[in-house]
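J.: Structure file structure_27.txt (compact mmCIF, C-alpha atoms and all ligand atoms) is given on the next line.
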```txt
# COMPACT_ATOMS: atom_id res chain seq x y z
CA MET A 1 0.00 0.00 0.00
CA GLY A 2 1.14 3.49 -0.77
CA VAL A 3 0.30 6.70 1.03
CA ILE A 4 -0.51 9.84 -0.97
CA ILE A 5 -0.48 13.16 0.86
CA ASN A 6 -2.29 16.29 -0.29
CA PHE A 7 -1.44 19.88 0.60
CA HIS A 8 -2.98 23.11 -0.63
CA GLU A 9 -1.69 26.44 0.60
CA VAL A 10 1.12 26.17 3.15
CA LYS A 11 2.06 29.21 5.20
CA ASP A 12 4.45 27.71 7.71
CA GLN A 13 7.63 26.06 6.44
CA VAL A 14 8.50 24.63 9.88
CA TRP A 15 5.13 22.90 10.11
CA LEU A 16 5.59 21.48 6.62
CA GLU A 17 9.13 20.34 7.34
CA ASN A 18 8.02 18.53 10.52
CA ASN A 19 5.29 16.70 8.64
CA LEU A 20 7.55 15.79 5.73
CA CYS A 21 10.26 14.51 8.09
CA PHE A 22 7.69 12.40 9.91
CA LEU A 23 6.64 10.90 6.56
CA LYS A 24 10.19 10.40 5.38
CA GLU A 25 11.08 8.43 8.50
CA ARG A 26 8.30 5.94 7.80
CA TYR A 27 7.92 5.90 4.03
CA ASN A 28 10.04 6.09 0.93
CA PRO A 29 9.01 9.24 -0.98
CA VAL A 30 8.73 8.56 -4.72
CA ASP A 31 7.86 10.73 -7.71
CA LEU A 32 4.61 10.24 -9.58
CA PRO A 33 5.95 8.24 -12.57
CA GLU A 34 7.59 5.81 -10.12
CA LEU A 35 4.38 5.50 -8.13
CA ILE A 36 2.39 4.66 -11.28
CA ASN A 37 5.12 2.28 -12.52
CA SER A 38 5.04 0.42 -9.20
CA TYR A 39 1.28 0.08 -9.46
CA ASN A 40 1.37 -1.02 -13.11
CA GLY A 41 4.25 -3.41 -12.55
CA LYS A 42 2.32 -4.82 -9.59
CA LYS A 43 5.39 -4.06 -7.54
CA GLU A 44 5.28 -3.83 -3.80
CA LEU A 45 3.58 -0.54 -2.98
CA LYS A 46 4.35 -0.96 0.69
CA SER A 47 5.97 1.93 2.51
CA ILE A 48 6.03 4.34 -0.39
CA CYS A 49 4.56 7.80 -0.24
CA HIS A 50 3.95 10.56 -2.73
CA ILE A 51 3.38 14.24 -2.01
CA THR A 52 0.76 16.15 -4.01
CA VAL A 53 -0.13 19.85 -3.87
CA ASP A 54 -3.29 21.26 -5.45
CA ASP A 55 -3.96 24.67 -7.03
CA GLY A 56 -0.42 25.96 -7.66
CA SER A 57 -0.64 28.92 -5.32
CA LYS A 58 2.41 31.14 -4.77
CA SER A 59 2.82 29.46 -1.40
CA PHE A 60 4.03 26.38 -3.27
CA TYR A 61 6.86 28.39 -4.81
CA ASP A 62 7.65 30.37 -1.65
CA ASN A 63 7.13 27.81 1.12
CA ILE A 64 6.76 24.25 -0.15
CA TYR A 65 9.29 24.06 -2.99
CA PRO A 66 12.28 25.19 -0.83
CA VAL A 67 11.52 22.47 1.76
CA LEU A 68 11.10 19.80 -0.94
CA LYS A 69 14.46 20.83 -2.39
CA LYS A 70 16.17 20.82 0.99
CA HIS A 71 15.02 17.26 1.70
CA LYS A 72 15.08 16.06 -1.94
CA ILE A 73 11.45 14.98 -1.75
CA PRO A 74 9.61 14.73 -5.10
CA ALA A 75 6.04 15.99 -5.51
CA SER A 76 3.33 16.50 -8.07
CA ILE A 77 1.27 19.67 -8.36
CA TYR A 78 -2.10 20.25 -10.04
CA VAL A 79 -2.67 23.61 -11.67
CA SER A 80 -4.87 25.55 -14.07
CA PRO A 81 -3.05 26.78 -17.20
CA GLU A 82 -5.64 29.55 -17.57
CA ILE A 83 -4.87 30.88 -14.10
CA ALA A 84 -1.10 30.73 -14.70
CA ILE A 85 -1.30 32.44 -18.11
CA ASN A 86 -3.77 35.17 -17.08
CA GLN A 87 -2.27 35.50 -13.60
CA GLY A 88 -5.73 35.24 -12.10
CA ASN A 89 -7.23 33.79 -8.95
CA PHE A 90 -9.56 30.89 -8.35
CA TRP A 91 -13.09 31.74 -7.21
CA PHE A 92 -12.43 30.49 -3.65
CA GLN A 93 -9.36 32.71 -3.38
CA GLU A 94 -11.39 35.70 -4.55
CA ILE A 95 -14.24 35.26 -2.03
CA ASN A 96 -11.87 34.71 0.89
CA GLY A 97 -12.39 37.72 3.15
CA TYR A 98 -15.64 38.85 1.49
CA GLU A 99 -18.39 39.76 3.95
CA LYS A 100 -20.71 36.80 4.27
CA GLN A 101 -23.99 38.73 4.54
CA LYS A 102 -23.17 40.89 1.53
CA LEU A 103 -22.10 37.88 -0.49
CA LEU A 104 -25.29 36.04 0.47
CA LYS A 105 -27.33 39.07 -0.63
CA VAL A 106 -25.72 38.89 -4.08
CA PHE A 107 -26.14 35.10 -4.04
CA TYR A 108 -29.92 35.54 -3.49
CA GLU A 109 -30.11 38.11 -6.30
CA VAL A 110 -28.24 36.01 -8.85
CA THR A 111 -29.72 32.60 -8.04
CA GLN A 112 -33.21 33.76 -6.99
CA ILE A 113 -32.83 31.31 -4.13
CA ASN A 114 -33.92 33.05 -0.96
CA GLU A 115 -33.58 30.49 1.75
CA LYS A 116 -32.68 31.82 5.16
CA ASN A 117 -31.41 28.44 6.40
CA ILE A 118 -28.42 28.83 4.09
CA ASN A 119 -27.10 31.30 6.63
CA LYS A 120 -25.92 28.46 8.87
CA ILE A 121 -23.69 26.96 6.16
CA SER A 122 -20.18 28.19 5.34
CA ILE A 123 -20.33 30.50 2.33
CA GLY A 124 -17.65 28.51 0.49
CA ASP A 125 -19.79 25.39 0.76
CA VAL A 126 -22.88 27.32 -0.39
CA MET A 127 -21.02 28.38 -3.54
CA LYS A 128 -20.08 24.76 -4.21
CA PHE A 129 -23.74 24.16 -4.99
CA LEU A 130 -23.48 26.36 -8.11
CA LYS A 131 -22.13 26.18 -11.62
CA ILE A 132 -18.86 28.03 -12.20
CA ASP A 133 -20.47 30.70 -14.44
CA GLN A 134 -22.91 31.55 -11.65
CA ILE A 135 -20.12 31.69 -9.08
CA TRP A 136 -18.27 34.25 -11.20
CA GLU A 137 -21.45 36.22 -11.84
CA ILE A 138 -21.82 36.52 -8.07
CA ILE A 139 -18.17 37.52 -7.58
CA ASN A 140 -18.28 40.11 -10.36
CA ARG A 141 -21.48 41.64 -9.01
CA TYR A 142 -20.03 41.71 -5.47
CA LYS A 143 -16.96 43.52 -6.84
CA GLU A 144 -19.11 46.08 -8.64
CA LEU A 145 -21.25 46.73 -5.58
CA TYR A 146 -18.75 46.61 -2.73
CA LYS A 147 -15.40 47.27 -4.41
CA PRO A 148 -13.27 44.91 -2.26
CA GLU A 149 -9.54 45.50 -2.21
CA ASP A 150 -7.75 43.99 -5.21
CA LYS A 151 -5.92 40.85 -4.03
CA GLY A 152 -3.43 40.65 -6.87
CA CYS A 153 -2.47 37.27 -8.27
CA MET A 154 -2.16 34.56 -5.62
CA ASN A 155 -0.85 31.86 -7.96
CA MET A 156 2.35 30.81 -9.68
CA SER A 157 3.27 32.27 -13.05
CA VAL A 158 4.09 30.25 -16.17
CA ASN A 159 7.81 30.87 -15.60
CA GLU A 160 7.63 29.72 -11.99
CA LEU A 161 5.84 26.54 -13.06
CA LYS A 162 8.51 25.89 -15.69
CA GLU A 163 11.23 26.53 -13.13
CA VAL A 164 9.88 24.06 -10.55
CA GLU A 165 9.35 21.45 -13.26
CA GLN A 166 12.91 21.84 -14.55
CA SER A 167 14.25 21.05 -11.09
CA GLY A 168 13.28 17.42 -11.79
CA LEU A 169 11.58 17.22 -8.40
CA VAL A 170 8.13 18.37 -9.48
CA THR A 171 5.65 16.72 -11.86
CA ILE A 172 2.84 18.97 -13.13
CA GLY A 173 -0.71 17.79 -13.74
CA ALA A 174 -3.99 19.50 -14.67
CA HIS A 175 -6.69 20.76 -12.33
CA THR A 176 -9.32 22.13 -14.82
CA LEU A 177 -9.38 25.75 -16.02
CA ARG A 178 -11.61 27.45 -13.43
CA HIS A 179 -11.94 24.90 -10.59
CA PRO A 180 -15.65 24.14 -10.97
CA ILE A 181 -17.43 21.43 -9.03
CA LEU A 182 -17.44 19.24 -12.14
CA ALA A 183 -20.52 17.27 -11.14
CA ASN A 184 -22.58 20.51 -11.16
CA GLU A 185 -21.74 21.28 -14.78
CA GLU A 186 -23.35 20.33 -18.09
CA MET A 187 -21.46 17.67 -20.05
CA SER A 188 -20.00 20.22 -22.51
CA VAL A 189 -18.58 22.39 -19.71
CA ALA A 190 -17.14 19.41 -17.80
CA LYS A 191 -15.52 18.15 -21.03
CA ASN A 192 -14.04 21.53 -21.85
CA GLU A 193 -12.78 22.19 -18.32
CA ILE A 194 -10.95 18.87 -18.28
CA ALA A 195 -9.78 18.55 -21.90
CA SER A 196 -8.69 22.19 -22.33
CA SER A 197 -6.78 22.18 -19.05
CA ILE A 198 -4.84 19.14 -20.26
CA THR A 199 -4.13 20.41 -23.80
CA SER A 200 -3.36 23.98 -22.79
CA LEU A 201 -1.00 22.83 -20.03
CA ALA A 202 0.68 20.50 -22.53
CA ASP A 203 1.17 23.46 -24.94
CA MET A 204 2.51 25.59 -22.13
CA LEU A 205 5.04 23.03 -20.85
CA GLY A 206 5.86 21.40 -24.18
CA HIS A 207 5.02 17.81 -23.28
CA GLU A 208 2.11 15.46 -22.74
CA ILE A 209 0.05 15.83 -19.54
CA LYS A 210 -1.00 12.49 -18.07
CA TYR A 211 -2.04 13.41 -14.55
CA PHE A 212 -5.02 15.22 -13.05
CA ALA A 213 -6.57 16.14 -9.69
CA TYR A 214 -10.32 16.79 -9.40
CA PRO A 215 -11.27 20.22 -8.04
CA ASN A 216 -12.53 19.73 -4.49
CA GLY A 217 -12.28 16.02 -5.26
CA ILE A 218 -14.95 14.26 -3.16
CA PRO A 219 -15.83 11.08 -5.11
CA ASP A 220 -19.50 10.73 -6.12
CA PHE A 221 -20.11 14.27 -4.93
CA ASP A 222 -17.73 16.54 -6.85
CA PHE A 223 -17.03 14.08 -9.68
CA GLY A 224 -18.12 10.64 -10.83
CA GLN A 225 -17.87 8.09 -13.62
CA ARG A 226 -18.58 10.77 -16.26
CA GLU A 227 -15.45 12.73 -15.33
CA MET A 228 -13.37 9.55 -15.13
CA ASP A 229 -14.50 8.65 -18.67
CA ILE A 230 -13.62 12.13 -19.99
CA LEU A 231 -10.16 11.82 -18.46
CA LYS A 232 -9.63 8.42 -20.05
CA GLU A 233 -10.67 9.83 -23.46
CA ASN A 234 -8.05 12.54 -22.98
CA GLY A 235 -5.21 10.13 -22.31
CA CYS A 236 -5.03 10.74 -18.56
CA GLU A 237 -3.23 7.98 -16.64
CA SER A 238 -4.04 8.88 -13.09
CA ALA A 239 -6.37 11.23 -11.24
CA PHE A 240 -6.52 12.15 -7.57
CA ALA A 241 -9.54 12.54 -5.32
CA THR A 242 -9.65 14.02 -1.80
CA ASP A 243 -11.15 11.17 0.23
CA SER A 244 -8.82 9.32 2.63
CA GLY A 245 -7.34 5.92 1.94
CA ASP A 246 -4.23 4.06 0.80
CA LEU A 247 -3.18 3.27 -2.74
CA SER A 248 -3.37 -0.49 -3.26
CA LEU A 249 -3.40 -2.68 -6.35
CA GLN A 250 -7.19 -2.61 -6.08
CA THR A 251 -7.34 1.19 -6.35
CA ASN A 252 -8.79 2.65 -9.56
CA LEU A 253 -6.02 4.93 -10.91
CA LEU A 254 -8.64 7.49 -11.95
CA ARG A 255 -9.83 8.00 -8.39
CA ILE A 256 -6.83 7.71 -6.11
CA PRO A 257 -7.53 8.70 -2.49
CA ARG A 258 -5.23 11.06 -0.61
CA TYR A 259 -4.65 12.12 2.97
CA GLY A 260 -5.21 15.87 3.11
CA LEU A 261 -3.03 17.82 5.57
CA SER A 262 -3.57 21.49 6.32
CA ASN A 263 -1.73 24.26 8.11
CA GLY A 264 -1.35 23.56 11.78
CA ASP A 265 -2.47 19.90 11.88
CA SER A 266 -0.28 18.21 14.49
CA ILE A 267 1.94 15.22 13.76
CA SER A 268 -0.30 13.07 15.96
CA TYR A 269 -3.28 14.17 13.83
CA THR A 270 -1.34 13.25 10.67
CA ARG A 271 -0.44 9.89 12.20
CA LEU A 272 -4.04 9.21 13.27
CA LYS A 273 -5.41 10.17 9.87
CA ILE A 274 -3.05 7.87 7.96
CA PHE A 275 -3.47 5.09 10.51
CA SER A 276 -7.29 5.30 10.15
CA GLY A 277 -7.05 4.67 6.39
CA SER A 278 -10.37 4.83 4.58
CA LEU A 279 -12.14 4.66 7.96
CA TRP A 280 -11.33 8.37 8.22
CA ASN A 281 -14.06 9.06 5.63
CA THR A 282 -16.62 7.70 8.09
CA ILE A 283 -15.11 9.56 11.03
CA VAL A 284 -15.35 12.97 9.29
CA LYS A 285 -18.95 12.41 8.24
CA ILE A 286 -20.03 12.73 11.85
CA LYS A 287 -17.74 15.69 12.64
CA PRO A 288 -19.75 18.93 12.97
CA GLY A 289 -18.67 21.67 10.56
CA ASN A 290 -17.43 19.08 8.11
CA GLU A 291 -17.88 20.03 4.46
CA LEU A 292 -19.86 16.92 3.51
CA VAL A 293 -22.20 17.43 6.47
CA ASP A 294 -22.75 21.05 5.39
CA ARG A 295 -23.28 20.22 1.75
CA ARG A 296 -25.69 17.38 2.50
CA ALA A 297 -27.68 19.76 4.73
CA LEU A 298 -27.71 22.28 1.89
CA LEU A 299 -28.97 19.69 -0.59
CA LYS A 300 -31.78 18.93 1.84
CA ILE A 301 -32.65 22.64 2.12
CA PHE A 302 -32.78 23.00 -1.65
CA THR A 303 -34.65 19.83 -2.44
CA GLU A 304 -37.26 19.93 0.29
ZN ZN B 1 -8.05 22.66 -6.01
```
Would you mind giving the structure from this file in structure tokens?
T.:
Amino acid sequence: MGVIINFHEVKDQVWLENNLCFLKERYNPVDLPELINSYNGKKELKSICHITVDDGSKSFYDNIYPVLKKHKIPASIYVSPEIAINQGNFWFQEINGYEKQKLLKVFYEVTQINEKNINKISIGDVMKFLKIDQIWEIINRYKELYKPEDKGCMNMSVNELKEVEQSGLVTIGAHTLRHPILANEEMSVAKNEIASSITSLADMLGHEIKYFAYPNGIPDFDFGQREMDILKENGCESAFATDSGDLSLQTNLLRIPRYGLSNGDSISYTRLKIFSGSLWNTIVKIKPGNELVDRRALLKIFTE
């Protein structure tokens, strides 16, 4: 069995270093091609681990990449070529810091959904109920009305992506163009988000792109068989989800589970999470404030 770790934004290099050292003591860190080769060659997957980082934020370049280099630990990152080329932000980066009540007001206006119970749910999770075009309509209207401070670009540039790739430590995969919840989208949008992110990233980096991570990544919630089929049609070899579990020879390579670690999680939390394996998915379902709990409650509100 192999262990795949997932990071997003990392602010604290010391925290990251502690977690990576903990992993390195117990597992052999491998790069993504080696991980896939071991799986395909039915080689022993025991005690290997692979580090993944989603979104390609500047914090990868500033905080994660230096620690990976210091410890010679390979990783794969999942980015949007559109964001890198246009030096833009993802929708969840844009709404971070927006005032919830104001954002909800615009949400009600745009969606015509006026349901007071939504108030109890985190605004990020509320937005995950929508199509990406609607999310941006809400953000653009909020910007017009309330003129929030310009955040600047929070993500890596094309040159920075090329630089980390050339180090030989980092493999780059696709992560759609605009980070939609793919399952919410019409077939044509889901196809375009996946296929164009792969081809445009390939053009940008000058080689084939064979790896992908689903935005938000909860299996059968954020993506399903349809997305896995689209990836297969586009020559994708492996795709990562965000549920917990080990990589075994029984794992479907188009929905590989990962252990997500975020800023401040203690080593004992990391240990417990990995030790729990796929059981962790059941543990979080009963944890209050958990995203799945919130989003299921929201579904109930909307469908009742
Ligand atoms: Zn993401």
J.: Considering all atoms listed in the file, give me a table of residues in chain A that are at most 7 Å from ligand ZN 1 (chain B), with the closest atom pair and distance in Å for each, as a Markdown table.
T.:
```
| residue | atom | partner | partner_atom | distance |
| --- | --- | --- | --- | --- |
| A:Asp54 | CA | B:ZN1 | ZN | 5.0 |
| A:Asp55 | CA | B:ZN1 | ZN | 4.7 |
| A:His175 | CA | B:ZN1 | ZN | 6.7 |
| A:His179 | CA | B:ZN1 | ZN | 6.4 |
| A:Pro215 | CA | B:ZN1 | ZN | 4.5 |
| A:Asn216 | CA | B:ZN1 | ZN | 5.6 |
```
J.: If we count all atoms listed in the file, what is near region 134-145 of chain A at a cut-off of 10 Å, once residues fewer than 6 positions away on the same chain are taken out, given as a PyMOL selection string?
T.: chain A and resi 90-92+94-95+98-99+102-111+127-128+178+180
J.: Separation of CA of Tyr27 (chain A) and CA of Phe275 (chain A), in Å?
T.: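 Atom-to-atom, CA of Tyr27 (chain A) and CA of Phe275 (chain A) are spaced 13.1 Å apart.
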J.: Grab the CA of Thr171 (chain A) to CA of Ser59 (chain A) distance for me, in Å with one decimal place.
T.: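 If I compute the distance from CA of Thr171 (chain A) to CA of Ser59 (chain A), I get 16.7 Å.
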J.: What does the distance between CA of Asp220 (chain A) and CA of Asn281 (chain A) come to in Å, to one decimal place?
T.: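 Taking CA of Asp220 (chain A) and CA of Asn281 (chain A), their separation equals 13.1 Å.
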J.: Which residue is closest to Phe129 (chain A)? Choose from A:Tyr39, A:Trp15, A:Phe221, A:Tyr61 and count only C-alpha atoms.
T.: A:Phe221
J.: Calculated over all atoms listed in the file, which of the candidates A:Ile123, A:Met1, A:Met204, A:Ala297 has the smallest distance to Ile172 (chain A)?
T.: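 Of A:Ile123, A:Met1, A:Met204, A:Ala297, the one nearest Ile172 (chain A) is A:Met204, counting all atoms listed in the file.
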J.: With only C-alpha atoms as the atoms that count, which of A:Ser196, A:Ser57, A:Thr176, A:Ser76 lies nearest to Cys153 (chain A)?
T.: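 Residue with the minimum atom-to-atom distance to Cys153 (chain A): A:Ser57.
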J.: Could you tell me which of A:Asn19, A:Asn192, A:Asn114, A:Ser80 comes closest to Ala174 (chain A) if we count all atoms listed in the file?
T.: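 Smallest distance to Ala174 (chain A) is found for A:Ser80.
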J.: Excluding same-chain residues fewer than 2 positions from region 264-269 of chain A, what lies within 10 Å of it counting all atoms listed in the file, as a list of chain:residue names?
T.: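 Close residues of region 264-269 of chain A: A:Val10, A:Lys11, A:Asp12, A:Trp15, A:Leu16, A:Asn18, A:Asn19, A:Leu20, A:Phe22, A:Leu23, A:Leu261, A:Ser262, A:Arg271, A:Leu272, A:Lys273, A:Ile274, A:Phe275.
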J.: Go through A:Leu247, A:Ile113, A:Val284, A:Ile5 one by one, measure the shortest atom-to-atom distance of each to Thr303 (chain A) using all atoms listed in the file, and give the residue with the smallest value.
T.: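 Result for the nearest residue to Thr303 (chain A): A:Ile113.
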J.: Please determine, counting only C-alpha atoms, which residue among A:Ile121, A:Asn96, A:Gly2, A:Asp62 has the shortest atom-to-atom distance to Leu298 (chain A).
T.: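 That would be A:Ile121, the residue with the smallest distance to Leu298 (chain A).
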J.: Counting all atoms listed in the file, which residues come within 9 Å of (8.7, 16.4, -8.7), with the point read in the file's coordinates, and could you list them as a count of residues only?
T.: 18
